[in-house]
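> Take a look at this one; I'll ask things after.
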Amino acid sequence: MKKIIVLAVISFFFTGALAAEPVRDRDRYQGPDPDSGWEQARGSDSMEAALSYYVSEYGSDDLDGLGETLPFKTLRRAVDAAKNSNVKRITVIGILDDKSEAAENGESAFAIGDCGDDEIIITGTGDRAAELRGGTGKRVVEIYGPAKLRFEHITISGGDTAALGGGIFVENGAELTLGTGVTVRDNRASEGGGIYGLGADLYLRGNATIRNNRVTTDEAGGIQIRSGTFFMGDNAEVSGNTGGGIFFWESSATIEGDAHISGNICEFTAAGICLYENSDVVLRGNAAVTGNVAGESGGGAGGIRSVFVLIENAKVSNNTAEYNGGGIFFVESEIYISGNAEIAGNSAANDGGGICAMESVLAVRGASRIAENSAGDDGGGIYIVDTEFILGESASVEDNTAVCGGGVCSELGAYSTIEDNAVVQGNSASGDQGGGGLCVGIDAFMIMKGGIVRNNEAVYGGGVYIGGGEFKHSGGIISDNNAESGGGVFRRIGSFNAANGILRDNTPEDFAEPPEWL
């Protein structure tokens with residue numbers, strides 16, 4: 001029987017070889033050419049390192065896999081061979097699906113693990129499409145430690161499972177790199193539609209793309225990382241996933257280079273990036289979070305409970321939230337925005353078009369811009385509650401719109417400082433409360449030590465509206481703002497402490513209070 005199978009395989013590849021380029025006899029199953037020196041070199045590390053094991057649905061695990069005409073049939077057999085030799089490269093020819101593996105892998109079409117310390121590369125041929133496919137009731141790939149794998153030029157698709165990780169489930173200390181030419185698409189799971197990492201390290205490099213994956217629970221349509229680390233760089237992309245882009249739980253992440261997280265949607269909070277429970281993310285370089293849509297809060301990014309966020313030179317733009325925080329929404333967190341970062345063009349139906357922070361620390365410094373955001377209620381640029389806020393260095397809040405507090409709206413225990421050369425300009429508030437530039441609401445305190453508030457407009461308080469809190473003007477300039485009343489500062493209730501700041505050239509006056517009858 002084995003002889004019949006081998007003859008059938010020989011016939012198939014002989015036909016394929018004639019259609020391509022001529023192949024010498026030694027490239028079929030007769031063995032190496034004794035005159036070429038291959039027999040002697042094969043045992044050397046240098047020769048082994050230059051080879052690849054090949055896998056094809058038309059192959060056989062009885063072959064040695066060392067050539068396109070000698071492929072294994074199963075990926076499992078190739079991995080076993082690679083971990084026990086100096087050949088650490090596996091090339092997949094064509095498509096392997098959940099029927100390709102002879103052994104039963106439970107919920108996964110392909111299971112890989114216990115590979116030792118050396119990285120194994122699994123790749124396509126480069127000039128031909130290679131794909132690993134799942135099937136009904138199965139994810140595509142499960143990777144468990146110890147394993148160190150790199151995928152290149154390959155597509156992971158068609159996973160459909162009620163478990164975790166529709167495309168890839170990586171766990172138990174495994175390390176996975178998705179590099180150039182990798183796409184994880186059209187997979188579905190309960191959580192982590194594209195990828196679920198549990199206690200593992202995941203790297204997205206090159207132009208790796210995670211797209212069009214979905215979940216049944218609205219948790220991490222693209223990627224979920226729990227108790228692990230994540231890196232995303234180069235031109236990698238997480239886009240068009242349903243249930244959100246990336247979800248981090250007790251994990252650390254770095255997103256940099258020209259990486260993009262875009263066009264993801266979720267029914268609840270944090271459509272682009274979601275952080276939860278002692279997670280941290282550094283978003284830097286030219287990285288961008290754009291065009292994501294949240295059914296509740298945090299269109300671009302959001303998080304809760306001891307979360308650390310650094311946005312440095314990156315952009316969060318054109319995201320939408322149906323409630324709060326069109327750009328970003330964080331609770332019980334620390335958010336630092338610096339360098340040339342931009343939070344721009346975002347919108348929220350309620351509060352915080354650009355940023356909404358509650359019970360947190362928020363610092364906007366460097367030359368960062370919070371610009372052209374809009375809110376349906378309070379805080380077109382920034383809305384803060386019970387939060388310590390600093391706007392410093394040469395950062396700016398500009399050209400934002402809201403009903404109250406076009407630039408910044410603070411209330412309910414918020415403590416704000418404006419200092420250095422910070423700028424609040426070109427913002428507008430359309431409602432009867434006011435505060436084109438700044439709104440100091442109930443139980444809020446704001447001190448202006450430096451900077452400038454200019455060219456803002458509102459019905460009341462073109463520059464600053466005091467609506468129940470305390471505003472101390474100890475430095476900086478409030479000028480050239482416009483309103484129907486209180487072009488510079490309007491105090492409805494609360495207190496205005498005019499110390500050493502400059503208040504001038506506002507229209508119709510620098511300071512106003514409501515008449516007794518109002």
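In the structure tokens, each chain is lettered A, B, ... as it comes, each chain's residues begin at 1, and ligands are numbered from 1 in order of appearance.
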Considering only C-alpha atoms, return as a PyMOL selection string whatever protein or nucleic-acid residues lie within 8 Å of segment 195-208 of chain A, sequence-local ones (same chain, fewer than 6 positions apart) excluded.
chain A and resi 164-183+222-237
> For the selection just defined, write its residues with C-alpha atoms to a file, as a CSV table (one decimal), in the first residue's frame.

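Written file, again.csv:
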chain,number,residue,atom,x,y,z
A,164,LEU,CA,-10.7,31.6,22.5
A,165,GLY,CA,-8.7,32.7,19.5
A,166,GLY,CA,-10.4,32.0,16.2
A,167,GLY,CA,-7.3,32.4,14.1
A,168,ILE,CA,-4.5,31.8,16.6
A,169,PHE,CA,-4.5,30.8,20.2
A,170,VAL,CA,-1.0,31.3,21.7
A,171,GLU,CA,-0.3,30.4,25.4
A,172,ASN,CA,2.0,29.2,28.1
A,173,GLY,CA,5.1,31.3,27.5
A,174,ALA,CA,5.2,30.8,23.8
A,175,GLU,CA,6.6,33.6,21.6
A,176,LEU,CA,5.0,34.4,18.2
A,177,THR,CA,6.1,36.9,15.6
A,178,LEU,CA,3.9,37.7,12.6
A,179,GLY,CA,6.1,39.3,9.9
A,180,THR,CA,6.0,40.4,6.3
A,181,GLY,CA,3.2,39.0,4.2
A,182,VAL,CA,1.1,37.6,7.1
A,183,THR,CA,-2.6,38.1,7.2
A,222,GLY,CA,-8.9,41.5,16.4
A,223,ILE,CA,-6.5,40.6,19.2
A,224,GLN,CA,-6.8,39.9,22.9
A,225,ILE,CA,-3.6,39.6,25.1
A,226,ARG,CA,-4.0,38.5,28.7
A,227,SER,CA,-1.1,38.4,31.1
A,228,GLY,CA,1.4,38.8,28.3
A,229,THR,CA,3.4,41.3,26.2
A,230,PHE,CA,2.7,42.8,22.8
A,231,PHE,CA,4.7,44.7,20.2
A,232,MET,CA,3.4,46.2,17.0
A,233,GLY,CA,5.6,48.1,14.6
A,234,ASP,CA,6.7,48.7,11.0
A,235,ASN,CA,3.6,48.9,8.9
A,236,ALA,CA,1.5,46.4,10.8
A,237,GLU,CA,-2.2,46.9,10.8
> Give me the segment 328-421 of chain A side of the contact with segment 427-447 of chain A, cut-off 7 Å, one line per residue showing its nearest atom pair and distance in Å at one decimal, counting only C-alpha atoms, sorted by chain and residue number, as a tab-separated table.

residue	atom	partner	partner_atom	distance
A:Glu398	CA	A:Asn427	CA	5.6
A:Asp399	CA	A:Asn427	CA	4.5
A:Asn400	CA	A:Asn427	CA	4.8
A:Thr401	CA	A:Ser428	CA	5.0
A:Ala402	CA	A:Ala429	CA	5.0
A:Val403	CA	A:Gly431	CA	4.5
A:Cys404	CA	A:Gly434	CA	5.1
A:Gly405	CA	A:Gly435	CA	4.6
A:Gly406	CA	A:Ser428	CA	4.7
A:Gly407	CA	A:Gly437	CA	4.7
A:Val408	CA	A:Leu438	CA	4.9
A:Cys409	CA	A:Cys439	CA	4.6
A:Ser410	CA	A:Val440	CA	5.3
A:Glu411	CA	A:Gly441	CA	4.4
A:Leu412	CA	A:Asp443	CA	4.9
A:Gly413	CA	A:Ala444	CA	5.0
A:Ala414	CA	A:Ala444	CA	4.9
A:Tyr415	CA	A:Phe445	CA	4.9
A:Ser416	CA	A:Met446	CA	4.5
A:Thr417	CA	A:Ile447	CA	5.0
A:Ile418	CA	A:Ile447	CA	6.4
> Selection from above, C-alpha atoms, as an mmCIF file, in the first residue's frame, can you write it?

data_model
loop_
_atom_site.group_PDB
_atom_site.id
_atom_site.type_symbol
_atom_site.label_atom_id
_atom_site.label_comp_id
_atom_site.auth_asym_id
_atom_site.auth_seq_id
_atom_site.Cartn_x
_atom_site.Cartn_y
_atom_site.Cartn_z
ATOM 1 C CA GLU A 398 -7.467 74.295 19.727
ATOM 2 C CA ASP A 399 -10.430 74.467 17.371
ATOM 3 C CA ASN A 400 -12.653 72.117 19.390
ATOM 4 C CA THR A 401 -16.413 72.508 19.800
ATOM 5 C CA ALA A 402 -18.982 71.585 22.462
ATOM 6 C CA VAL A 403 -22.137 72.873 24.147
ATOM 7 C CA CYS A 404 -20.127 73.717 27.283
ATOM 8 C CA GLY A 405 -16.361 73.984 27.573
ATOM 9 C CA GLY A 406 -15.301 73.972 23.948
ATOM 10 C CA GLY A 407 -11.653 73.434 24.848
ATOM 11 C CA VAL A 408 -11.643 71.920 28.330
ATOM 12 C CA CYS A 409 -14.517 71.171 30.713
ATOM 13 C CA SER A 410 -13.648 70.172 34.298
ATOM 14 C CA GLU A 411 -15.960 69.310 37.147
ATOM 15 C CA LEU A 412 -16.707 67.180 40.209
ATOM 16 C CA GLY A 413 -13.341 67.184 41.965
ATOM 17 C CA ALA A 414 -11.127 67.845 38.944
ATOM 18 C CA TYR A 415 -7.887 69.741 39.664
ATOM 19 C CA SER A 416 -6.340 71.441 36.631
ATOM 20 C CA THR A 417 -3.139 73.372 35.965
ATOM 21 C CA ILE A 418 -2.293 75.409 32.863
#
> When you look at segment 264-271 of chain A with a cut-off of 12 Å (counting only C-alpha atoms), what residues show up, excluding the ones that are within fewer than 4 positions of it in the same chain? I need them as a ChimeraX atom specification.
/A:210-223,237-248,260,275-276,289-304,319-331,356
> What does the distance between atom CA of Leu70 of chain A and atom CA of Gly94 of chain A come to in Å, to one decimal place?
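It comes out at 14.5 Å.
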> Provide the atom CA of Ser396 of chain A to atom CA of Gly463 of chain A distance in Å, to one decimal place.
14.4 Å
> With only C-alpha atoms as the counted atoms, please give the residues lying no more than 8 Å from Ile121 of chain A, apart from itself and same-chain residues fewer than 3 positions off, as a PyMOL selection string.
chain A and resi 88-90+149-152
> Could you check which of A:Gly194, A:Gly488, A:Gly475, A:Gly379 is closest to Asn456 of chain A, using only C-alpha atoms?
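Answer, going by the shortest atom-to-atom distance: A:Gly488.
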> Here is a test: counting only C-alpha atoms, which residue of A:Glu107, A:Glu312, A:Asp258, A:Asp114 is nearest to Ala287 of chain A?
A:Asp258
> Hey, can you check how far atom CA of Asn421 of chain A sits from atom CA of Val309 of chain A?
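Computing the Euclidean distance for atom CA of Asn421 of chain A and atom CA of Val309 of chain A yields 23.5 Å.
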> Name the residues of segment 102-234 of chain A that fall into strand (DSSP E) according to DSSP on the backbone, using the chain letters and numbers of this document, as a count of residues only.
62
> Which is closest to Ile343 of chain A among A:Leu391, A:Ser157, A:Ile493, A:Val397, if we use only C-alpha atoms?
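Between A:Leu391, A:Ser157, A:Ile493, A:Val397, the residue approaching Ile343 of chain A most closely is A:Val397.
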